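Chemist: Here you go, target.pdb (PDB, C-alpha atoms):
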```
ATOM      1  CA  MET A   1      13.637 -29.424 109.493  1.00  0.00           C
ATOM      2  CA  SER A   2      14.161 -29.074 113.230  1.00  0.00           C
ATOM      3  CA  ILE A   3      17.232 -26.864 113.157  1.00  0.00           C
ATOM      4  CA  ARG A   4      18.270 -25.080 116.347  1.00  0.00           C
ATOM      5  CA  LEU A   5      20.330 -21.889 116.318  1.00  0.00           C
ATOM      6  CA  ILE A   6      22.721 -21.822 119.270  1.00  0.00           C
ATOM      7  CA  THR A   7      25.417 -19.309 120.159  1.00  0.00           C
ATOM      8  CA  ALA A   8      29.002 -20.400 120.675  1.00  0.00           C
ATOM      9  CA  ALA A   9      28.699 -18.979 124.195  1.00  0.00           C
ATOM     10  CA  GLU A  10      25.880 -21.406 124.956  1.00  0.00           C
ATOM     11  CA  ARG A  11      27.638 -24.437 123.480  1.00  0.00           C
ATOM     12  CA  PRO A  12      31.431 -23.960 123.346  1.00  0.00           C
ATOM     13  CA  ASP A  13      31.766 -27.712 122.781  1.00  0.00           C
ATOM     14  CA  LEU A  14      30.268 -27.194 119.292  1.00  0.00           C
ATOM     15  CA  VAL A  15      32.939 -24.732 118.164  1.00  0.00           C
ATOM     16  CA  ALA A  16      35.403 -27.409 117.011  1.00  0.00           C
ATOM     17  CA  PRO A  17      32.887 -29.344 114.877  1.00  0.00           C
ATOM     18  CA  ALA A  18      31.491 -26.061 113.554  1.00  0.00           C
ATOM     19  CA  GLU A  19      34.944 -24.928 112.466  1.00  0.00           C
ATOM     20  CA  ALA A  20      35.642 -28.327 110.895  1.00  0.00           C
ATOM     21  CA  MET A  21      32.464 -27.918 108.842  1.00  0.00           C
ATOM     22  CA  ASN A  22      33.433 -24.340 108.015  1.00  0.00           C
ATOM     23  CA  SER A  23      36.826 -25.392 106.659  1.00  0.00           C
ATOM     24  CA  ALA A  24      35.256 -28.161 104.582  1.00  0.00           C
ATOM     25  CA  VAL A  25      32.885 -25.875 102.665  1.00  0.00           C
ATOM     26  CA  TRP A  26      35.413 -23.152 101.706  1.00  0.00           C
ATOM     27  CA  PRO A  27      38.272 -23.398  99.193  1.00  0.00           C
ATOM     28  CA  ALA A  28      41.477 -24.423 100.953  1.00  0.00           C
ATOM     29  CA  TYR A  29      43.158 -21.086 100.273  1.00  0.00           C
ATOM     30  CA  LEU A  30      40.410 -19.308 102.209  1.00  0.00           C
ATOM     31  CA  SER A  31      39.656 -21.773 104.986  1.00  0.00           C
ATOM     32  CA  THR A  32      43.337 -22.312 105.755  1.00  0.00           C
ATOM     33  CA  ALA A  33      45.036 -19.045 104.926  1.00  0.00           C
ATOM     34  CA  SER A  34      42.871 -16.057 105.732  1.00  0.00           C
ATOM     35  CA  TYR A  35      41.430 -17.369 108.966  1.00  0.00           C
ATOM     36  CA  HIS A  36      44.499 -16.251 110.847  1.00  0.00           C
ATOM     37  CA  ALA A  37      44.907 -16.213 114.607  1.00  0.00           C
ATOM     38  CA  ASN A  38      42.392 -13.389 114.999  1.00  0.00           C
ATOM     39  CA  TRP A  39      39.622 -15.598 113.663  1.00  0.00           C
ATOM     40  CA  TYR A  40      39.604 -17.779 116.763  1.00  0.00           C
ATOM     41  CA  ARG A  41      39.360 -14.720 118.987  1.00  0.00           C
ATOM     42  CA  LEU A  42      35.706 -14.653 117.916  1.00  0.00           C
ATOM     43  CA  TYR A  43      35.120 -17.568 120.277  1.00  0.00           C
ATOM     44  CA  GLU A  44      36.492 -15.831 123.368  1.00  0.00           C
ATOM     45  CA  PRO A  45      33.864 -14.932 125.988  1.00  0.00           C
ATOM     46  CA  HIS A  46      33.244 -11.325 124.925  1.00  0.00           C
ATOM     47  CA  LEU A  47      32.541 -12.259 121.275  1.00  0.00           C
ATOM     48  CA  SER A  48      31.244 -15.823 121.431  1.00  0.00           C
ATOM     49  CA  PRO A  49      27.623 -14.636 122.024  1.00  0.00           C
ATOM     50  CA  PHE A  50      27.731 -13.171 118.478  1.00  0.00           C
ATOM     51  CA  GLN A  51      28.628 -16.487 116.774  1.00  0.00           C
ATOM     52  CA  THR A  52      25.736 -18.723 115.710  1.00  0.00           C
ATOM     53  CA  ILE A  53      25.892 -22.479 115.187  1.00  0.00           C
ATOM     54  CA  ALA A  54      23.046 -24.309 113.435  1.00  0.00           C
ATOM     55  CA  VAL A  55      22.421 -27.844 114.661  1.00  0.00           C
ATOM     56  CA  GLU A  56      20.036 -30.586 113.606  1.00  0.00           C
ATOM     57  CA  ASP A  57      19.897 -33.969 115.349  1.00  0.00           C
ATOM     58  CA  GLY A  58      23.192 -33.210 117.079  1.00  0.00           C
ATOM     59  CA  ALA A  59      25.075 -32.450 113.848  1.00  0.00           C
ATOM     60  CA  VAL A  60      26.409 -29.012 112.916  1.00  0.00           C
ATOM     61  CA  VAL A  61      24.853 -27.871 109.633  1.00  0.00           C
ATOM     62  CA  GLY A  62      25.741 -24.183 109.626  1.00  0.00           C
ATOM     63  CA  LEU A  63      27.943 -21.506 111.168  1.00  0.00           C
ATOM     64  CA  ALA A  64      27.493 -17.731 111.044  1.00  0.00           C
ATOM     65  CA  ASN A  65      30.186 -15.367 112.305  1.00  0.00           C
ATOM     66  CA  CYS A  66      30.065 -11.631 112.900  1.00  0.00           C
ATOM     67  CA  VAL A  67      31.919  -8.982 114.871  1.00  0.00           C
ATOM     68  CA  PRO A  68      31.052  -5.572 116.381  1.00  0.00           C
ATOM     69  CA  PHE A  69      33.322  -2.762 115.179  1.00  0.00           C
ATOM     70  CA  PRO A  70      33.628   1.032 115.311  1.00  0.00           C
ATOM     71  CA  LEU A  71      32.573   2.733 112.090  1.00  0.00           C
ATOM     72  CA  PRO A  72      35.328   4.948 110.644  1.00  0.00           C
ATOM     73  CA  GLU A  73      34.811   8.663 111.101  1.00  0.00           C
ATOM     74  CA  GLY A  74      32.777   9.897 108.167  1.00  0.00           C
ATOM     75  CA  GLY A  75      31.226   6.484 107.649  1.00  0.00           C
ATOM     76  CA  SER A  76      33.309   5.393 104.651  1.00  0.00           C
ATOM     77  CA  LEU A  77      34.424   1.774 104.640  1.00  0.00           C
ATOM     78  CA  PRO A  78      37.867   0.691 103.401  1.00  0.00           C
ATOM     79  CA  ASP A  79      38.926  -1.399 100.409  1.00  0.00           C
ATOM     80  CA  GLU A  80      40.411  -3.946 102.802  1.00  0.00           C
ATOM     81  CA  GLY A  81      36.898  -5.026 103.765  1.00  0.00           C
ATOM     82  CA  TRP A  82      36.859  -8.439 105.435  1.00  0.00           C
ATOM     83  CA  ASP A  83      40.457  -8.355 106.646  1.00  0.00           C
ATOM     84  CA  TRP A  84      40.033  -4.842 108.016  1.00  0.00           C
ATOM     85  CA  VAL A  85      36.750  -5.372 109.834  1.00  0.00           C
ATOM     86  CA  LEU A  86      37.907  -8.566 111.548  1.00  0.00           C
ATOM     87  CA  ALA A  87      41.157  -6.960 112.730  1.00  0.00           C
ATOM     88  CA  THR A  88      39.375  -3.741 113.731  1.00  0.00           C
ATOM     89  CA  GLY A  89      36.670  -5.542 115.679  1.00  0.00           C
ATOM     90  CA  ILE A  90      39.184  -7.656 117.596  1.00  0.00           C
ATOM     91  CA  ALA A  91      41.384  -4.639 118.346  1.00  0.00           C
ATOM     92  CA  ALA A  92      38.409  -2.611 119.550  1.00  0.00           C
ATOM     93  CA  ARG A  93      37.545  -5.262 122.129  1.00  0.00           C
ATOM     94  CA  GLU A  94      41.165  -5.512 123.300  1.00  0.00           C
ATOM     95  CA  LYS A  95      41.562  -1.745 123.683  1.00  0.00           C
ATOM     96  CA  GLY A  96      38.120  -1.007 125.091  1.00  0.00           C
ATOM     97  CA  ILE A  97      37.087   1.072 122.057  1.00  0.00           C
ATOM     98  CA  ALA A  98      33.320   1.488 121.771  1.00  0.00           C
ATOM     99  CA  CYS A  99      31.690  -0.240 118.811  1.00  0.00           C
ATOM    100  CA  ASN A 100      28.642   1.183 117.051  1.00  0.00           C
ATOM    101  CA  ALA A 101      28.178  -1.293 114.177  1.00  0.00           C
ATOM    102  CA  LEU A 102      28.177  -5.010 113.466  1.00  0.00           C
ATOM    103  CA  SER A 103      29.715  -6.732 110.461  1.00  0.00           C
ATOM    104  CA  ALA A 104      28.827 -10.137 109.099  1.00  0.00           C
ATOM    105  CA  LEU A 105      31.958 -12.160 108.352  1.00  0.00           C
ATOM    106  CA  SER A 106      30.793 -15.531 107.109  1.00  0.00           C
ATOM    107  CA  VAL A 107      27.779 -17.758 106.672  1.00  0.00           C
ATOM    108  CA  ALA A 108      28.798 -21.361 105.971  1.00  0.00           C
ATOM    109  CA  ILE A 109      26.191 -24.082 105.429  1.00  0.00           C
ATOM    110  CA  VAL A 110      26.623 -27.726 104.493  1.00  0.00           C
ATOM    111  CA  PRO A 111      25.498 -28.227 100.857  1.00  0.00           C
ATOM    112  CA  GLU A 112      22.327 -30.205 101.525  1.00  0.00           C
ATOM    113  CA  TYR A 113      20.964 -27.413 103.759  1.00  0.00           C
ATOM    114  CA  ARG A 114      21.480 -24.594 101.267  1.00  0.00           C
ATOM    115  CA  ARG A 115      18.460 -22.966  99.628  1.00  0.00           C
ATOM    116  CA  THR A 116      16.357 -23.872 102.657  1.00  0.00           C
ATOM    117  CA  GLY A 117      16.153 -20.371 104.130  1.00  0.00           C
ATOM    118  CA  LEU A 118      18.761 -21.167 106.776  1.00  0.00           C
ATOM    119  CA  ALA A 119      21.150 -18.464 105.536  1.00  0.00           C
ATOM    120  CA  VAL A 120      18.419 -15.837 105.895  1.00  0.00           C
ATOM    121  CA  GLU A 121      17.654 -17.060 109.408  1.00  0.00           C
ATOM    122  CA  MET A 122      21.310 -16.743 110.365  1.00  0.00           C
ATOM    123  CA  LEU A 123      21.646 -13.249 108.904  1.00  0.00           C
ATOM    124  CA  THR A 124      18.437 -12.297 110.715  1.00  0.00           C
ATOM    125  CA  ARG A 125      19.978 -13.545 113.945  1.00  0.00           C
ATOM    126  CA  MET A 126      22.951 -11.212 113.341  1.00  0.00           C
ATOM    127  CA  LYS A 127      20.581  -8.263 113.014  1.00  0.00           C
ATOM    128  CA  GLN A 128      18.997  -9.271 116.314  1.00  0.00           C
ATOM    129  CA  PHE A 129      22.453  -9.340 117.936  1.00  0.00           C
ATOM    130  CA  ALA A 130      23.118  -5.819 116.644  1.00  0.00           C
ATOM    131  CA  ARG A 131      19.870  -4.490 118.094  1.00  0.00           C
ATOM    132  CA  GLN A 132      20.414  -6.239 121.432  1.00  0.00           C
ATOM    133  CA  ALA A 133      23.882  -4.675 121.665  1.00  0.00           C
ATOM    134  CA  ASN A 134      22.439  -1.222 120.859  1.00  0.00           C
ATOM    135  CA  LEU A 135      24.515  -0.938 117.709  1.00  0.00           C
ATOM    136  CA  SER A 136      23.382   1.522 115.056  1.00  0.00           C
ATOM    137  CA  ALA A 137      24.176  -0.356 111.830  1.00  0.00           C
ATOM    138  CA  MET A 138      24.946  -3.737 110.305  1.00  0.00           C
ATOM    139  CA  TYR A 139      27.259  -4.221 107.346  1.00  0.00           C
ATOM    140  CA  ALA A 140      28.644  -7.160 105.392  1.00  0.00           C
ATOM    141  CA  PRO A 141      31.586  -7.462 102.981  1.00  0.00           C
ATOM    142  CA  VAL A 142      29.639  -9.775 100.675  1.00  0.00           C
ATOM    143  CA  ARG A 143      31.309 -12.440  98.514  1.00  0.00           C
ATOM    144  CA  PRO A 144      29.220 -12.920  95.330  1.00  0.00           C
ATOM    145  CA  THR A 145      28.959 -16.697  95.127  1.00  0.00           C
ATOM    146  CA  GLY A 146      28.259 -16.854  91.389  1.00  0.00           C
ATOM    147  CA  LYS A 147      31.189 -14.698  90.271  1.00  0.00           C
ATOM    148  CA  PRO A 148      33.663 -17.609  89.783  1.00  0.00           C
ATOM    149  CA  ARG A 149      31.480 -18.862  86.920  1.00  0.00           C
ATOM    150  CA  TYR A 150      32.018 -15.571  85.061  1.00  0.00           C
ATOM    151  CA  PRO A 151      35.780 -14.988  85.370  1.00  0.00           C
ATOM    152  CA  LEU A 152      36.063 -12.636  82.358  1.00  0.00           C
ATOM    153  CA  GLN A 153      33.535 -10.127  83.684  1.00  0.00           C
ATOM    154  CA  ALA A 154      34.727  -7.173  85.749  1.00  0.00           C
ATOM    155  CA  PHE A 155      33.707  -7.497  89.382  1.00  0.00           C
ATOM    156  CA  ASP A 156      31.632  -4.299  89.447  1.00  0.00           C
ATOM    157  CA  THR A 157      29.925  -5.189  86.160  1.00  0.00           C
ATOM    158  CA  TYR A 158      28.983  -8.646  87.394  1.00  0.00           C
ATOM    159  CA  CYS A 159      27.689  -7.370  90.739  1.00  0.00           C
ATOM    160  CA  HIS A 160      25.277  -5.015  88.988  1.00  0.00           C
ATOM    161  CA  TRP A 161      23.773  -7.583  86.642  1.00  0.00           C
ATOM    162  CA  THR A 162      20.078  -7.977  87.364  1.00  0.00           C
ATOM    163  CA  ARG A 163      17.322 -10.460  86.617  1.00  0.00           C
ATOM    164  CA  PRO A 164      14.127  -9.426  84.780  1.00  0.00           C
ATOM    165  CA  ASP A 165      12.506  -8.627  88.142  1.00  0.00           C
ATOM    166  CA  GLY A 166      15.260  -6.133  88.935  1.00  0.00           C
ATOM    167  CA  THR A 167      16.888  -8.157  91.696  1.00  0.00           C
ATOM    168  CA  PRO A 168      20.607  -8.997  91.560  1.00  0.00           C
ATOM    169  CA  PHE A 169      21.663 -11.784  89.215  1.00  0.00           C
ATOM    170  CA  ASP A 170      24.060 -13.151  91.822  1.00  0.00           C
ATOM    171  CA  PRO A 171      22.207 -15.385  94.319  1.00  0.00           C
ATOM    172  CA  TRP A 172      24.068 -14.279  97.463  1.00  0.00           C
ATOM    173  CA  LEU A 173      23.851 -10.590  96.613  1.00  0.00           C
ATOM    174  CA  ARG A 174      20.171 -11.179  95.883  1.00  0.00           C
ATOM    175  CA  THR A 175      19.631 -12.776  99.293  1.00  0.00           C
ATOM    176  CA  HIS A 176      21.019  -9.667 100.989  1.00  0.00           C
ATOM    177  CA  VAL A 177      18.998  -7.275  98.813  1.00  0.00           C
ATOM    178  CA  LEU A 178      15.764  -9.177  99.448  1.00  0.00           C
ATOM    179  CA  MET A 179      16.460  -8.739 103.170  1.00  0.00           C
ATOM    180  CA  GLY A 180      16.590  -4.989 102.609  1.00  0.00           C
ATOM    181  CA  ALA A 181      20.350  -4.488 102.251  1.00  0.00           C
ATOM    182  CA  ARG A 182      21.763  -1.780 100.013  1.00  0.00           C
ATOM    183  CA  PHE A 183      25.017  -1.610  98.074  1.00  0.00           C
ATOM    184  CA  VAL A 184      27.583   0.712  99.670  1.00  0.00           C
ATOM    185  CA  SER A 185      30.977   0.349  97.973  1.00  0.00           C
ATOM    186  CA  ILE A 186      33.404  -2.178  96.555  1.00  0.00           C
ATOM    187  CA  ALA A 187      36.073  -3.536  98.886  1.00  0.00           C
ATOM    188  CA  ALA A 188      38.641  -4.229  96.170  1.00  0.00           C
ATOM    189  CA  ARG A 189      41.165  -5.852  98.539  1.00  0.00           C
ATOM    190  CA  SER A 190      38.726  -7.388 100.988  1.00  0.00           C
ATOM    191  CA  MET A 191      40.709 -10.584 101.555  1.00  0.00           C
ATOM    192  CA  THR A 192      44.450 -10.862 100.908  1.00  0.00           C
ATOM    193  CA  VAL A 193      45.970 -14.337 100.879  1.00  0.00           C
ATOM    194  CA  SER A 194      49.708 -14.318 100.262  1.00  0.00           C
ATOM    195  CA  ALA A 195      51.901 -17.397 100.576  1.00  0.00           C
ATOM    196  CA  SER A 196      54.794 -19.240  98.966  1.00  0.00           C
ATOM    197  CA  THR A 197      54.606 -20.868  95.552  1.00  0.00           C
ATOM    198  CA  ASP A 198      54.805 -24.300  97.143  1.00  0.00           C
ATOM    199  CA  GLN A 199      51.933 -23.569  99.514  1.00  0.00           C
ATOM    200  CA  TRP A 200      49.673 -22.363  96.703  1.00  0.00           C
ATOM    201  CA  GLN A 201      50.551 -25.402  94.606  1.00  0.00           C
ATOM    202  CA  LYS A 202      49.401 -27.594  97.488  1.00  0.00           C
ATOM    203  CA  TRP A 203      46.187 -25.635  97.922  1.00  0.00           C
ATOM    204  CA  THR A 204      45.236 -25.570  94.249  1.00  0.00           C
ATOM    205  CA  GLY A 205      47.001 -28.489  92.554  1.00  0.00           C
ATOM    206  CA  LEU A 206      48.307 -26.004  89.974  1.00  0.00           C
ATOM    207  CA  ARG A 207      51.878 -25.531  88.768  1.00  0.00           C
ATOM    208  CA  PHE A 208      53.295 -22.111  87.941  1.00  0.00           C
ATOM    209  CA  PRO A 209      55.955 -22.311  85.179  1.00  0.00           C
ATOM    210  CA  GLN A 210      56.312 -18.519  84.976  1.00  0.00           C
ATOM    211  CA  SER A 211      55.293 -15.340  86.751  1.00  0.00           C
ATOM    212  CA  GLY A 212      52.046 -13.611  85.874  1.00  0.00           C
ATOM    213  CA  ALA A 213      48.295 -13.871  86.361  1.00  0.00           C
ATOM    214  CA  TYR A 214      46.589 -17.272  86.618  1.00  0.00           C
ATOM    215  CA  TYR A 215      42.951 -18.338  86.655  1.00  0.00           C
ATOM    216  CA  LEU A 216      41.903 -19.592  90.099  1.00  0.00           C
ATOM    217  CA  GLU A 217      39.040 -22.068  90.266  1.00  0.00           C
ATOM    218  CA  GLY A 218      36.479 -20.806  92.760  1.00  0.00           C
ATOM    219  CA  GLY A 219      38.204 -17.426  92.998  1.00  0.00           C
ATOM    220  CA  LEU A 220      36.753 -13.996  92.360  1.00  0.00           C
ATOM    221  CA  ALA A 221      40.009 -12.658  90.905  1.00  0.00           C
ATOM    222  CA  PRO A 222      43.146 -14.126  89.306  1.00  0.00           C
ATOM    223  CA  LEU A 223      46.191 -15.266  91.212  1.00  0.00           C
ATOM    224  CA  GLN A 224      49.296 -13.112  90.879  1.00  0.00           C
ATOM    225  CA  ILE A 225      52.507 -15.142  90.693  1.00  0.00           C
ATOM    226  CA  ASP A 226      55.989 -13.730  91.376  1.00  0.00           C
ATOM    227  CA  LEU A 227      58.450 -16.602  91.069  1.00  0.00           C
ATOM    228  CA  ASP A 228      61.494 -14.406  91.748  1.00  0.00           C
ATOM    229  CA  ALA A 229      60.073 -13.453  95.133  1.00  0.00           C
ATOM    230  CA  ASP A 230      58.530 -16.913  95.683  1.00  0.00           C
ATOM    231  CA  ARG A 231      55.256 -15.174  96.416  1.00  0.00           C
ATOM    232  CA  VAL A 232      51.729 -15.894  95.216  1.00  0.00           C
ATOM    233  CA  THR A 233      49.017 -13.392  96.111  1.00  0.00           C
ATOM    234  CA  TYR A 234      45.260 -13.517  95.856  1.00  0.00           C
ATOM    235  CA  LEU A 235      43.337 -10.264  96.317  1.00  0.00           C
ATOM    236  CA  GLU A 236      39.642 -10.999  96.644  1.00  0.00           C
ATOM    237  CA  PRO A 237      37.102  -8.224  96.079  1.00  0.00           C
ATOM    238  CA  ASN A 238      33.877  -8.115  98.073  1.00  0.00           C
ATOM    239  CA  TYR A 239      30.992  -5.665  98.089  1.00  0.00           C
ATOM    240  CA  TRP A 240      30.162  -3.718 101.228  1.00  0.00           C
ATOM    241  CA  MET A 241      26.427  -3.849 101.884  1.00  0.00           C
ATOM    242  CA  GLN A 242      24.403  -2.303 104.696  1.00  0.00           C
ATOM    243  CA  HIS A 243      21.423  -4.027 106.300  1.00  0.00           C
ATOM    244  CA  PRO A 244      18.540  -2.171 107.945  1.00  0.00           C
ATOM    245  CA  LEU A 245      18.147  -2.882 111.640  1.00  0.00           C
ATOM    246  CA  THR A 246      14.367  -2.645 111.743  1.00  0.00           C
ATOM    247  CA  ALA A 247      12.696  -5.522 113.597  1.00  0.00           C
ATOM    248  CA  ASP A 248      12.060  -8.593 111.451  1.00  0.00           C
TER     249      ASP A 248
END
```
In structure tokens, what does this structure look like?
Modeler:
Amino acid sequence: MSIRLITAAERPDLVAPAEAMNSAVWPAYLSTASYHANWYRLYEPHLSPFQTIAVEDGAVVGLANCVPFPLPEGGSLPDEGWDWVLATGIAAREKGIACNALSALSVAIVPEYRRTGLAVEMLTRMKQFARQANLSAMYAPVRPTGKPRYPLQAFDTYCHWTRPDGTPFDPWLRTHVLMGARFVSIAARSMTVSASTDQWQKWTGLRFPQSGAYYLEGGLAPLQIDLDADRVTYLEPNYWMQHPLTAD
């Protein structure tokens, strides 16, 4: 493959096709709902150098997003994970608050380019960004990609399954661990997607005859339905992991 990794600052004209690809590879309830207005702030001049677009033969095949943020005092990271770090990173830039860490937000790759090593290259590029910006740490609220296939297992239990060689059973957690990352803590409410019953029916094709918990295809947790309030809520857990910033 002759894939080039380009920052959004270098090629702002690629942002629109990169985001179109990004939306296509995620479930509708994530690509449409949680990427709120703050998401597109990542492409403003002060943050666009941190966003990586993978291109081959003029076509976008991958997108990796990250954001600098200030670590909380004491170093503990919140349950709100992804939502928190995106909002905190954007606010820090707006208010001139110094950042001392970088967080991965997303690595999206078109299906035919997965398992090629591209994801590792894009995470490695994030670590390079962190070092160039003189940041002291890199974190990621990691979404275990295999968890939807095991909906009855508790999130923490699943995340700590291992293969015979001792590496994580989950392929995306394993990728991070093989790059040297360590488990930090669970972000139990990392992504919150809350919308009307009608909106969720459009996203999922499901119907909700009564309130309660429903299985969500592709989800890491069940949907919670409240018909009286006309509110459907998805609370996605992630796992905070920390990457070493030693040179690769």
Chemist: Rank A:Ala104, A:Leu47, A:Ala229, A:Ala37 by their smallest atom-to-atom distance to Ser196 in chain A, using all atoms listed in the file, and report the top residue only.
Modeler: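 Distance minimum relative to Ser196 in chain A lands on A:Ala229.
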Chemist: What separation in Å, quoted to one decimal, exists between CA of Arg189 in chain A and CA of His46 in chain A?
Modeler: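 Answer for the CA of Arg189 in chain A to CA of His46 in chain A separation: 28.1 Å.
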Chemist: Find the residues around Met138 in chain A up to 12 Å (all atoms listed in the file counted), leave out those fewer than 3 positions away in its own chain, and share them as a PyMOL selection string.
Modeler: chain A and resi 66-71+85+99-105+123-131+133-135+141+176+180-182+184+240-246
Chemist: Quick one: everything within 8 Å of Met122 in chain A, counting all atoms listed in the file, minus sequence neighbours fewer than 3 positions away in the same chain. Send it as an MDAnalysis selection string.
Modeler: chainID A and resid 5 52 64 107 118:119 125:126
Chemist: Determine, counting only C-alpha atoms, which protein, DNA and RNA residues have an atom within 12 Å of an atom of range 204-217 of chain A; residues of the same chain fewer than 2 positions away are not included. Present the result as a VMD selection string.
Modeler: chain A and resid 27 to 30 147 to 152 196 to 202 219 to 236
Chemist: Report, in Å to a single decimal, how far apart CA of Glu121 in chain A and CA of Thr175 in chain A are.
Modeler: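 Computing it gives 11.2 Å between the two atoms.
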Chemist: Env of Trp161 in chain A: 8 Å cut, atoms = all atoms listed in the file, seq-sep filter 5 positions within chain, self excluded. Answer as a list in words.
Modeler: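 Listing them by chain and then by number gives Pro168, Phe169 and Asp170 of chain A.
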Chemist: Let me have the centre and edge lengths in Å, one decimal, of the box along x, y and z around every listed atom of range 62-79 of chain A with 5 Å of margin on each side, as JSON.
Modeler:
```
{"center_x": 32.3, "center_y": -7.1, "center_z": 108.4, "size_x": 23.2, "size_y": 44.1, "size_z": 26.0}
```
Chemist: May I ask which of the residues A:Ala9, A:Val120, A:Ala16, A:Ala87 is the closest one to Leu178 in chain A, counting all atoms listed in the file?
Modeler: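 Closest candidate: A:Val120.
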Chemist: Save range 169-182 of chain A from what I just supplied, as a short mmCIF file (atom, residue, chain, number, x, y, z; two decimals), in the first residue's frame, atoms limited to N, CA and C atoms.
Modeler:
```
data_model
loop_
_atom_site.label_atom_id
_atom_site.label_comp_id
_atom_site.auth_asym_id
_atom_site.auth_seq_id
_atom_site.Cartn_x
_atom_site.Cartn_y
_atom_site.Cartn_z
N PHE A 169 -8.19 -10.42 25.05
CA PHE A 169 -9.04 -11.13 24.11
C PHE A 169 -9.62 -10.18 23.07
N ASP A 170 -9.98 -8.98 23.50
CA ASP A 170 -10.57 -8.01 22.58
C ASP A 170 -9.50 -7.47 21.64
N PRO A 171 -9.77 -7.44 20.33
CA PRO A 171 -8.72 -7.04 19.37
C PRO A 171 -8.27 -5.59 19.49
N TRP A 172 -9.19 -4.66 19.80
CA TRP A 172 -8.79 -3.25 19.88
C TRP A 172 -8.05 -2.97 21.18
N LEU A 173 -8.50 -3.58 22.27
CA LEU A 173 -7.74 -3.46 23.52
C LEU A 173 -6.35 -4.07 23.33
N ARG A 174 -6.30 -5.19 22.61
CA ARG A 174 -5.02 -5.85 22.39
C ARG A 174 -4.07 -4.97 21.58
N THR A 175 -4.60 -4.29 20.58
CA THR A 175 -3.76 -3.38 19.79
C THR A 175 -3.09 -2.34 20.68
N HIS A 176 -3.88 -1.75 21.58
CA HIS A 176 -3.32 -0.73 22.48
C HIS A 176 -2.27 -1.34 23.42
N VAL A 177 -2.58 -2.51 23.99
CA VAL A 177 -1.63 -3.13 24.92
C VAL A 177 -0.32 -3.49 24.21
N LEU A 178 -0.41 -3.99 22.99
CA LEU A 178 0.81 -4.36 22.27
C LEU A 178 1.64 -3.13 21.90
N MET A 179 1.02 -1.95 21.93
CA MET A 179 1.76 -0.70 21.73
C MET A 179 2.31 -0.15 23.04
N GLY A 180 2.09 -0.90 24.13
CA GLY A 180 2.63 -0.49 25.42
C GLY A 180 1.65 0.17 26.35
N ALA A 181 0.37 0.30 25.95
CA ALA A 181 -0.61 0.97 26.80
C ALA A 181 -0.97 0.12 28.01
N ARG A 182 -1.38 0.80 29.07
CA ARG A 182 -1.82 0.11 30.28
C ARG A 182 -3.25 0.51 30.61
#
```
